[in-house]
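File shown: run-v8.cif (mmCIF, C-alpha atoms).
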```cif
data_protein
loop_
_atom_site.label_atom_id
_atom_site.label_comp_id
_atom_site.auth_asym_id
_atom_site.auth_seq_id
_atom_site.Cartn_x
_atom_site.Cartn_y
_atom_site.Cartn_z
CA MET A 1367 103.67 71.17 134.27
CA ARG A 1368 106.24 73.16 136.22
CA SER A 1369 105.20 76.49 137.67
CA GLY A 1370 106.92 79.77 136.88
CA ASP A 1371 108.60 79.69 140.30
CA ASP A 1372 109.91 76.18 139.63
CA LEU A 1373 111.31 77.20 136.25
CA PHE A 1374 112.91 80.32 137.71
CA ALA A 1375 114.57 78.27 140.46
CA GLU A 1376 115.80 75.71 137.92
CA ALA A 1377 117.28 78.41 135.68
CA ASP A 1378 119.06 79.96 138.67
CA ARG A 1379 120.36 76.56 139.79
CA LEU A 1380 121.76 75.73 136.37
CA GLU A 1381 123.47 79.12 136.08
CA GLU A 1382 125.08 78.63 139.50
CA LEU A 1383 126.34 75.21 138.36
CA GLY A 1384 127.85 76.81 135.25
CA ASP A 1385 125.42 75.11 132.87
CA GLN A 1386 124.62 78.24 130.90
CA GLN A 1387 123.29 76.38 127.88
CA GLY A 1388 120.89 74.40 130.06
CA ALA A 1389 119.82 77.57 131.86
CA LEU A 1390 119.17 79.26 128.52
CA GLY A 1391 116.80 76.48 127.56
CA VAL A 1392 114.87 76.92 130.80
CA TRP A 1393 114.69 80.69 130.32
CA ARG A 1394 113.28 80.16 126.84
CA GLU A 1395 110.51 77.99 128.24
CA LEU A 1396 109.88 80.37 131.12
CA VAL A 1397 109.43 83.56 129.07
CA GLU A 1398 107.29 81.88 126.47
CA ARG A 1399 104.91 80.56 129.12
CA TYR A 1400 105.15 83.50 131.53
CA PRO A 1401 106.19 86.63 129.54
CA ASP A 1402 107.88 89.14 131.80
CA PRO A 1403 110.29 91.99 130.97
CA GLY A 1404 112.73 90.93 133.67
CA GLY A 1405 112.71 87.37 132.36
CA TRP A 1406 113.35 88.50 128.79
CA CYS A 1407 116.30 90.56 130.06
CA ARG A 1408 117.75 87.56 131.89
CA LEU A 1409 117.38 85.46 128.74
CA GLY A 1410 118.98 88.21 126.67
CA ARG A 1411 121.93 88.56 129.01
CA LEU A 1412 122.60 84.83 128.97
CA ALA A 1413 122.14 84.58 125.19
CA LYS A 1414 124.67 87.39 124.69
CA GLU A 1415 127.20 85.67 126.96
CA LEU A 1416 126.82 82.53 124.85
CA GLY A 1417 127.28 84.44 121.59
CA GLU A 1418 123.65 84.15 120.51
CA ILE A 1419 123.51 87.82 119.56
CA GLU A 1420 120.34 87.78 117.42
CA GLU A 1421 118.44 85.98 120.16
CA ALA A 1422 119.78 88.43 122.74
CA GLU A 1423 118.64 91.40 120.66
CA SER A 1424 115.21 89.89 120.19
CA ALA A 1425 114.91 89.21 123.94
CA PHE A 1426 115.82 92.78 124.94
CA GLN A 1427 113.41 94.15 122.32
CA ARG A 1428 110.64 91.94 123.74
CA ALA A 1429 111.45 93.28 127.20
CA ILE A 1430 111.10 96.87 125.97
CA LYS A 1431 107.83 96.04 124.24
CA LEU A 1432 106.45 94.86 127.58
CA ASP A 1433 108.01 97.73 129.53
CA PRO A 1434 109.18 100.72 127.43
CA SER A 1435 110.72 102.30 130.55
CA LEU A 1436 113.12 99.39 131.22
CA GLY A 1437 116.47 101.16 131.08
CA ALA A 1438 118.56 97.98 131.43
CA ALA A 1439 117.25 96.65 128.11
CA TYR A 1440 118.26 99.83 126.27
CA VAL A 1441 121.74 99.58 127.82
CA LYS A 1442 122.19 96.00 126.63
CA LEU A 1443 120.92 96.80 123.15
CA GLY A 1444 123.24 99.78 123.06
CA VAL A 1445 126.22 97.58 123.96
CA ILE A 1446 125.30 95.13 121.18
CA ALA A 1447 124.98 97.96 118.65
CA ILE A 1448 128.39 99.37 119.65
CA ASP A 1449 129.98 95.92 119.41
CA LYS A 1450 128.53 95.55 115.91
CA GLY A 1451 129.76 98.99 114.88
CA ASP A 1452 126.20 100.20 114.31
CA TYR A 1453 126.75 103.56 115.97
CA ASP A 1454 123.66 105.27 114.56
CA GLU A 1455 121.49 102.58 116.16
CA ALA A 1456 123.51 102.84 119.37
CA GLU A 1457 122.94 106.61 119.50
CA SER A 1458 119.19 106.16 119.07
CA LEU A 1459 118.99 103.55 121.83
CA LEU A 1460 121.16 105.49 124.26
CA ARG A 1461 119.27 108.73 123.78
CA GLN A 1462 116.06 106.82 124.52
CA LEU A 1463 117.73 105.45 127.65
CA LEU A 1464 118.81 108.91 128.82
CA ARG A 1465 115.28 110.22 128.40
CA ILE A 1466 114.18 107.52 130.82
CA GLU A 1467 117.05 107.80 133.30
CA LYS A 1468 120.23 109.86 133.29
CA THR A 1469 123.02 107.55 134.36
CA ALA A 1470 126.81 107.77 134.26
CA ALA A 1471 126.95 104.51 132.29
CA GLY A 1472 124.46 105.79 129.73
CA TYR A 1473 126.38 109.01 129.14
CA CYS A 1474 129.69 107.12 128.98
CA MET A 1475 128.33 104.76 126.33
CA LEU A 1476 126.94 107.72 124.41
CA GLY A 1477 130.40 109.29 124.55
CA VAL A 1478 131.94 106.15 123.03
CA THR A 1479 129.27 106.23 120.32
CA MET A 1480 129.84 109.91 119.52
CA ARG A 1481 133.61 109.40 119.32
CA ASN A 1482 133.16 106.58 116.84
CA LEU A 1483 130.83 108.79 114.79
CA GLY A 1484 133.54 111.46 114.66
CA ARG A 1485 131.53 113.88 116.80
CA ASP A 1486 134.22 114.58 119.38
CA ALA A 1487 132.64 117.67 120.93
CA GLU A 1488 129.48 115.70 121.71
CA ALA A 1489 131.59 112.83 123.03
CA GLU A 1490 133.40 115.21 125.39
CA ALA A 1491 130.10 116.64 126.60
CA SER A 1492 128.80 113.12 127.27
CA TYR A 1493 131.86 112.13 129.29
CA ARG A 1494 131.59 115.33 131.33
CA GLU A 1495 127.94 114.50 132.06
CA ALA A 1496 128.95 110.99 133.14
CA LEU A 1497 131.60 112.32 135.51
CA ALA A 1498 129.26 114.98 136.88
CA ILE A 1499 126.93 112.17 137.91
CA ASP A 1500 129.74 109.92 139.18
CA PRO A 1501 133.21 111.52 139.51
CA ASN A 1502 134.64 108.12 140.43
CA TYR A 1503 133.44 106.26 137.36
CA GLU A 1504 136.66 104.69 136.10
CA GLU A 1505 135.25 103.73 132.70
CA ALA A 1506 134.31 107.34 131.97
CA HIS A 1507 137.79 108.50 132.96
CA TYR A 1508 139.36 105.87 130.71
CA ASN A 1509 137.19 106.67 127.69
CA PHE A 1510 137.64 110.41 128.20
CA GLY A 1511 141.40 109.77 128.14
CA VAL A 1512 141.05 107.86 124.87
CA LEU A 1513 139.19 110.81 123.36
CA LEU A 1514 141.89 113.28 124.46
CA ARG A 1515 145.04 111.19 123.89
CA ASP A 1516 145.94 112.96 120.62
CA SER A 1517 144.48 116.43 121.14
CA ASN A 1518 145.39 116.89 124.82
CA PRO A 1519 147.78 114.16 126.03
CA THR A 1520 148.44 115.89 129.36
CA GLU A 1521 144.75 115.84 130.24
CA ALA A 1522 144.41 112.31 128.87
CA GLU A 1523 147.18 111.13 131.18
CA LYS A 1524 145.32 112.56 134.17
CA HIS A 1525 142.21 110.60 133.27
CA PHE A 1526 144.14 107.34 132.73
CA ARG A 1527 145.88 107.76 136.07
CA LYS A 1528 142.55 108.52 137.78
CA ALA A 1529 141.04 105.36 136.24
CA LEU A 1530 143.96 103.37 137.68
CA ASP A 1531 143.61 105.02 141.09
CA LEU A 1532 140.01 103.83 141.10
CA ASP A 1533 140.78 100.38 139.66
CA PRO A 1534 144.47 99.36 139.74
CA ASP A 1535 143.67 96.31 137.58
CA TYR A 1536 142.05 98.24 134.71
CA ALA A 1537 144.09 96.71 131.88
CA PRO A 1538 143.18 99.13 129.03
CA ALA A 1539 144.13 102.13 131.20
CA HIS A 1540 147.56 100.57 131.86
CA ARG A 1541 147.96 100.02 128.13
CA GLU A 1542 146.98 103.55 127.06
CA LEU A 1543 148.94 105.25 129.82
CA GLY A 1544 151.96 103.22 128.77
CA TRP A 1545 151.54 104.34 125.17
CA LEU A 1546 151.31 108.01 126.19
CA LEU A 1547 154.52 107.62 128.19
CA ARG A 1548 156.19 105.87 125.26
CA LYS A 1549 155.39 108.87 123.06
CA GLN A 1550 157.13 111.03 125.69
CA ASP A 1551 160.20 108.73 125.41
CA LEU A 1552 159.74 107.58 129.03
CA LEU A 1553 160.44 104.08 127.79
CA ASP A 1554 161.10 102.16 131.00
CA GLU A 1555 158.02 103.51 132.76
CA ALA A 1556 155.96 102.97 129.61
CA GLU A 1557 157.14 99.37 129.35
CA ALA A 1558 156.11 98.66 132.95
CA TYR A 1559 152.55 99.85 132.30
CA ILE A 1560 152.23 98.01 129.01
CA ARG A 1561 153.57 94.77 130.47
CA ARG A 1562 151.14 95.10 133.36
CA SER A 1563 148.26 95.46 130.92
CA ILE A 1564 149.38 92.23 129.22
CA GLU A 1565 149.56 90.44 132.57
CA LEU A 1566 145.99 91.48 133.24
CA ARG A 1567 144.70 90.75 129.73
CA PRO A 1568 147.09 88.49 127.78
CA ASP A 1569 144.90 88.36 124.67
CA ASP A 1570 144.88 92.15 124.11
CA GLY A 1571 146.35 92.53 120.64
CA TRP A 1572 146.95 96.26 120.91
CA ALA A 1573 148.96 95.85 124.12
CA HIS A 1574 151.32 93.47 122.29
CA ILE A 1575 151.57 95.91 119.38
CA TYR A 1576 152.46 98.72 121.80
CA LEU A 1577 155.06 96.52 123.49
CA GLY A 1578 156.56 95.54 120.14
CA ASN A 1579 156.85 99.16 119.05
CA LEU A 1580 158.47 100.13 122.35
CA LEU A 1581 160.97 97.26 122.23
CA GLU A 1582 161.79 98.13 118.63
CA THR A 1583 162.54 101.68 119.77
CA LYS A 1584 164.81 100.30 122.50
CA GLY A 1585 166.69 98.22 119.90
CA ASP A 1586 165.33 94.85 121.05
CA VAL A 1587 164.34 93.56 117.60
CA ALA A 1588 163.88 89.95 118.74
CA GLY A 1589 161.60 91.09 121.56
CA ALA A 1590 159.63 93.30 119.18
CA GLU A 1591 159.17 90.43 116.72
CA ALA A 1592 157.95 88.15 119.52
CA ALA A 1593 155.44 90.77 120.67
CA TYR A 1594 154.09 91.28 117.15
CA ARG A 1595 153.71 87.52 116.75
CA TRP A 1596 151.81 87.38 120.03
CA ALA A 1597 149.48 90.06 118.68
CA HIS A 1598 148.93 88.01 115.53
CA GLU A 1599 148.16 84.91 117.58
CA ALA A 1600 145.75 86.85 119.77
CA ARG A 1601 143.88 88.26 116.74
CA PRO A 1602 144.74 86.14 113.69
CA GLN A 1603 142.27 87.94 111.40
CA TRP A 1604 143.81 91.37 112.10
CA ALA A 1605 146.17 92.81 109.49
CA PHE A 1606 148.12 95.22 111.69
CA PRO A 1607 150.40 92.71 113.49
CA LEU A 1608 151.48 91.31 110.13
CA CYS A 1609 152.18 94.84 108.91
CA SER A 1610 154.30 95.43 112.01
CA LEU A 1611 156.28 92.28 111.34
CA ALA A 1612 156.65 93.29 107.70
CA SER A 1613 158.00 96.67 108.75
CA LEU A 1614 160.67 94.97 110.88
CA HIS A 1615 161.85 93.00 107.85
CA GLU A 1616 161.62 96.13 105.69
CA ASP A 1617 163.92 98.00 108.08
CA ARG A 1618 166.45 95.18 107.68
CA LYS A 1619 166.03 95.31 103.89
CA GLU A 1620 164.64 91.78 103.92
CA TRP A 1621 162.37 92.66 101.04
CA ARG A 1622 161.00 89.23 100.17
CA GLN A 1623 159.85 88.48 103.73
CA ALA A 1624 158.41 91.98 104.10
CA ALA A 1625 156.46 91.76 100.84
CA GLU A 1626 155.04 88.35 101.75
CA LEU A 1627 153.82 89.64 105.14
CA TYR A 1628 152.23 92.75 103.59
CA LYS A 1629 150.44 90.52 101.08
CA GLN A 1630 149.18 88.28 103.89
CA ALA A 1631 147.93 91.35 105.74
CA LEU A 1632 146.05 92.57 102.67
CA GLU A 1633 144.52 89.15 102.13
CA LEU A 1634 143.08 89.41 105.63
CA GLU A 1635 141.93 93.04 105.32
CA PRO A 1636 142.09 94.29 101.72
CA ASP A 1637 140.29 97.49 102.74
CA ASP A 1638 142.80 98.42 105.45
CA ALA A 1639 144.13 101.83 104.46
CA VAL A 1640 147.25 101.53 106.63
CA ALA A 1641 148.24 98.16 105.14
CA ASN A 1642 147.84 99.54 101.62
CA MET A 1643 149.90 102.62 102.46
CA LEU A 1644 152.70 100.60 104.10
CA PHE A 1645 152.98 98.21 101.18
CA GLY A 1646 153.01 101.17 98.79
CA ARG A 1647 155.74 102.80 100.83
CA MET A 1648 157.90 99.67 100.61
CA LEU A 1649 157.34 99.42 96.87
CA ILE A 1650 158.67 102.96 96.49
CA LYS A 1651 161.86 101.87 98.25
CA ARG A 1652 162.13 99.03 95.75
CA ASN A 1653 161.59 101.51 92.89
CA ARG A 1654 158.38 99.80 91.83
CA ARG A 1655 156.59 103.05 91.28
CA ALA A 1656 153.66 101.82 89.19
CA GLN A 1657 152.72 99.18 91.77
CA ALA A 1658 153.24 101.67 94.58
CA LYS A 1659 150.74 104.05 92.97
CA VAL A 1660 148.09 101.31 92.96
CA PHE A 1661 148.34 100.66 96.69
CA LEU A 1662 148.73 104.30 97.70
CA GLY A 1663 145.77 105.23 95.53
CA ARG A 1664 143.72 102.50 97.18
CA ALA A 1665 144.71 103.80 100.63
CA LEU A 1666 143.44 107.26 99.67
CA LEU A 1667 140.19 105.87 98.28
CA LEU A 1668 139.63 104.12 101.59
CA ASP A 1669 140.62 107.17 103.63
CA PRO A 1670 140.61 110.44 101.64
CA ASP A 1671 142.16 112.28 104.62
CA TYR A 1672 145.15 109.94 104.89
CA ARG A 1673 147.93 112.53 104.74
CA LYS A 1674 150.88 110.11 104.65
CA ALA A 1675 149.40 108.20 101.69
CA LYS A 1676 148.81 111.48 99.85
CA GLU A 1677 152.36 112.69 100.48
CA LEU A 1678 153.83 109.45 99.18
CA LEU A 1679 151.58 109.44 96.13
CA ASP A 1680 152.42 113.08 95.36
CA SER A 1681 156.12 112.22 95.54
CA LEU A 1682 155.61 109.82 92.62
CA ASN A 1683 154.03 112.41 90.32
#
```
As structure tokens:
Amino acid sequence: MRSGDDLFAEADRLEELGDQQGALGVWRELVERYPDPGGWCRLGRLAKELGEIEEAESAFQRAIKLDPSLGAAYVKLGVIAIDKGDYDEAESLLRQLLRIEKTAAGYCMLGVTMRNLGRDAEAEASYREALAIDPNYEEAHYNFGVLLRDSNPTEAEKHFRKALDLDPDYAPAHRELGWLLRKQDLLDEAEAYIRRSIELRPDDGWAHIYLGNLLETKGDVAGAEAAYRWAHEARPQWAFPLCSLASLHEDRKEWRQAAELYKQALELEPDDAVANMLFGRMLIKRNRRAQAKVFLGRALLLDPDYRKAKELLDSLN
């Protein structure tokens, strides 16, 4: 029977060789025979990398059971909860973490959680705490910029630029700074940032959407269509790229193609309020008022605060 040291060395060796699946098997044997919070965390990290999310959660929970003060396990569980969209669970885990140790990463993650819960004031306070601990934490600057991009774009731009000063290859900061500049009609500078974000992260669907919108504004319809198709290829289950393509056809009064793309988008995400609103808007242009009311009404049911959907629906009454 191999000792714990032998198993640990074997797991390390397999990870270094790139055999993550083999290493995971060794970690499973190791923690079952020699339970240790650090070992459970290593197993959890590897399981998460391999997409074994339930096993990863269980491993981090086992680590906490053995050592309730193990901050790293709360962080990992918090990341999983955020990825799953379970923000209430994420808040609980991150507040437990911050009672154990106050870290910039913990406050930044709490800020992301609060923003997604619609509690923007608490999100801002969390980002400020993160930056008080580490003023050079690029992720906090980026996420603070995301929070402020609509309410205070000037301040948001400062945070995006600071994130890029700290990490010139931070792809999402390039993308969001480019979009802020596009909204200021600084199209050439915006395009440079957005294209750089795509170079750094080619599979970022939103970057391709931003590029498509910008090229459409510049009159490059073929380029915009190509960008939207890239976004669809990057995230084939996402409705928004299809809606963007549909809108291009709609602008050219190519009604059949536009309608088909909107229908495809709604097949992918029937509960997407934007897709319902856009299809309803097109149906108004085609004077199909009864059908338009159905889709606009659905958009408002999905998002009661959707002002554009309400305005369009009111125009039909």
Determine the nearest neighbour of A:Ala1600 from the options A:Phe1510, A:Phe1661, A:Phe1374, A:Trp1572, counting only C-alpha atoms.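 The shortest atom-to-atom distance to A:Ala1600 comes from A:Trp1572.
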So what does the PyMOL selection byres ((chain A and resi 1538) around 10) actually pick up in this one, as an MDAnalysis selection string? chainID A and resid 1505 1508:1509 1512 1526 1529:1530 1535:1537 1539:1544 1559:1560 1562:1564 1566:1567 1570 1572:1573
Selected residues written out, C-alpha atoms, as a PDB file, keeping the file's coordinate frame:
```
ATOM      1  CA  GLU A1505     135.250 103.730 132.700  1.00  0.00           C
ATOM      2  CA  TYR A1508     139.360 105.870 130.710  1.00  0.00           C
ATOM      3  CA  ASN A1509     137.190 106.670 127.690  1.00  0.00           C
ATOM      4  CA  VAL A1512     141.050 107.860 124.870  1.00  0.00           C
ATOM      5  CA  PHE A1526     144.140 107.340 132.730  1.00  0.00           C
ATOM      6  CA  ALA A1529     141.040 105.360 136.240  1.00  0.00           C
ATOM      7  CA  LEU A1530     143.960 103.370 137.680  1.00  0.00           C
ATOM      8  CA  ASP A1535     143.670  96.310 137.580  1.00  0.00           C
ATOM      9  CA  TYR A1536     142.050  98.240 134.710  1.00  0.00           C
ATOM     10  CA  ALA A1537     144.090  96.710 131.880  1.00  0.00           C
ATOM     11  CA  ALA A1539     144.130 102.130 131.200  1.00  0.00           C
ATOM     12  CA  HIS A1540     147.560 100.570 131.860  1.00  0.00           C
ATOM     13  CA  ARG A1541     147.960 100.020 128.130  1.00  0.00           C
ATOM     14  CA  GLU A1542     146.980 103.550 127.060  1.00  0.00           C
ATOM     15  CA  LEU A1543     148.940 105.250 129.820  1.00  0.00           C
ATOM     16  CA  GLY A1544     151.960 103.220 128.770  1.00  0.00           C
ATOM     17  CA  TYR A1559     152.550  99.850 132.300  1.00  0.00           C
ATOM     18  CA  ILE A1560     152.230  98.010 129.010  1.00  0.00           C
ATOM     19  CA  ARG A1562     151.140  95.100 133.360  1.00  0.00           C
ATOM     20  CA  SER A1563     148.260  95.460 130.920  1.00  0.00           C
ATOM     21  CA  ILE A1564     149.380  92.230 129.220  1.00  0.00           C
ATOM     22  CA  LEU A1566     145.990  91.480 133.240  1.00  0.00           C
ATOM     23  CA  ARG A1567     144.700  90.750 129.730  1.00  0.00           C
ATOM     24  CA  ASP A1570     144.880  92.150 124.110  1.00  0.00           C
ATOM     25  CA  TRP A1572     146.950  96.260 120.910  1.00  0.00           C
ATOM     26  CA  ALA A1573     148.960  95.850 124.120  1.00  0.00           C
TER      27      ALA A1573
END
```
Separation of atom CA of A:Pro1602 from atom CA of A:Leu1614 in Å: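 So the two atoms, atom CA of A:Leu1614 and atom CA of A:Pro1602, lie 18.4 Å apart.
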Specify as a list in words each residue included when the PyMOL selection byres ((chain A and resi 1407-1409) around 7) is applied to this file.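 With the shown file as input, the PyMOL selection byres ((chain A and resi 1407-1409) around 7) matches Leu1390, Trp1393, Arg1394, Pro1403, Gly1404, Gly1405, Trp1406, Gly1410, Arg1411, Leu1412, Ala1413, Ala1425, Phe1426, Ala1429 and Ala1439 of chain A.
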Please identify all polymer residues within 12 Å of A:Val1587, counting only C-alpha atoms, omitting same-chain residues fewer than 2 positions from it, and present them as a PyMOL selection string. chain A and resi 1577-1585+1589-1594+1610-1611+1613-1615+1617-1618
Hey, what's within 12 Å of stretch 1629-1639 of chain A if we count all atoms listed in the file and toss same-chain stuff fewer than 2 positions away? As an MDAnalysis selection string, please? chainID A and resid 1598 1601:1613 1622:1627 1641:1646 1648 1661:1676
Output for the residues just chosen: C-alpha atoms as a tab-separated table (two decimals), keeping the file's coordinate frame:
```tsv
chain	number	residue	atom	x	y	z
A	1598	HIS	CA	148.93	88.01	115.53
A	1601	ARG	CA	143.88	88.26	116.74
A	1602	PRO	CA	144.74	86.14	113.69
A	1603	GLN	CA	142.27	87.94	111.40
A	1604	TRP	CA	143.81	91.37	112.10
A	1605	ALA	CA	146.17	92.81	109.49
A	1606	PHE	CA	148.12	95.22	111.69
A	1607	PRO	CA	150.40	92.71	113.49
A	1608	LEU	CA	151.48	91.31	110.13
A	1609	CYS	CA	152.18	94.84	108.91
A	1610	SER	CA	154.30	95.43	112.01
A	1611	LEU	CA	156.28	92.28	111.34
A	1612	ALA	CA	156.65	93.29	107.70
A	1613	SER	CA	158.00	96.67	108.75
A	1622	ARG	CA	161.00	89.23	100.17
A	1623	GLN	CA	159.85	88.48	103.73
A	1624	ALA	CA	158.41	91.98	104.10
A	1625	ALA	CA	156.46	91.76	100.84
A	1626	GLU	CA	155.04	88.35	101.75
A	1627	LEU	CA	153.82	89.64	105.14
A	1641	ALA	CA	148.24	98.16	105.14
A	1642	ASN	CA	147.84	99.54	101.62
A	1643	MET	CA	149.90	102.62	102.46
A	1644	LEU	CA	152.70	100.60	104.10
A	1645	PHE	CA	152.98	98.21	101.18
A	1646	GLY	CA	153.01	101.17	98.79
A	1648	MET	CA	157.90	99.67	100.61
A	1661	PHE	CA	148.34	100.66	96.69
A	1662	LEU	CA	148.73	104.30	97.70
A	1663	GLY	CA	145.77	105.23	95.53
A	1664	ARG	CA	143.72	102.50	97.18
A	1665	ALA	CA	144.71	103.80	100.63
A	1666	LEU	CA	143.44	107.26	99.67
A	1667	LEU	CA	140.19	105.87	98.28
A	1668	LEU	CA	139.63	104.12	101.59
A	1669	ASP	CA	140.62	107.17	103.63
A	1670	PRO	CA	140.61	110.44	101.64
A	1671	ASP	CA	142.16	112.28	104.62
A	1672	TYR	CA	145.15	109.94	104.89
A	1673	ARG	CA	147.93	112.53	104.74
A	1674	LYS	CA	150.88	110.11	104.65
A	1675	ALA	CA	149.40	108.20	101.69
A	1676	LYS	CA	148.81	111.48	99.85
```
Shell of 8 Å around A:Val1441, only C-alpha atoms, local chain residues under 6 positions omitted, as a PyMOL selection string: chain A and resi 1459-1460+1463+1472
Atom CA of A:Ser1369 to atom CA of A:Glu1418: how many Å, to one decimal? 26.3 Å
Point (136.2, 110.3, 133.4), cut-off 9 Å, counting all atoms listed in the file, residues as a ChimeraX atom specification: /A:1474,1493-1494,1496-1497,1500-1511,1525-1526,1528-1529
For A:Thr1479, find every residue with an atom within 9 Å (counting all atoms listed in the file), except residues of its own chain fewer than 5 positions away, and show them as a list in words.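 Once the nearby chain positions are removed, what remains is Ile1448, Tyr1453, Asp1454, Ala1456, Glu1457, Cys1474, Gly1484, Arg1485 and Ala1489 of chain A.
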Pick from A:Glu1376, A:Arg1527, A:Ser1517, A:Arg1465 nearest to A:Tyr1440, counting only C-alpha atoms: A:Arg1465
Listed atoms of stretch 1527-1539 of chain A boxed along x, y and z, 8 Å each side, centre and edge lengths in Å, one decimal, as AutoDock Vina command-line options:
```
--center_x 142.9 --center_y 102.4 --center_z 135.1 --size_x 21.9 --size_y 28.2 --size_z 28.1
```
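Picture a line from atom CA of A:Lys1450 to atom CA of A:Ile1419; it runs 9.9 Å.
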Taking all atoms listed in the file into account, name the residue in A:Leu1383, A:Asp1554, A:Ile1430, A:Leu1547 that is nearest to A:Ala1522.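 Residue with the minimum atom-to-atom distance to A:Ala1522: A:Leu1547.
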What lies within 10 Å of A:Lys1651 using all atoms listed in the file, ignoring chain neighbours under 5 positions off, as a PyMOL selection string? chain A and resi 1616+1619+1621+1646+1658
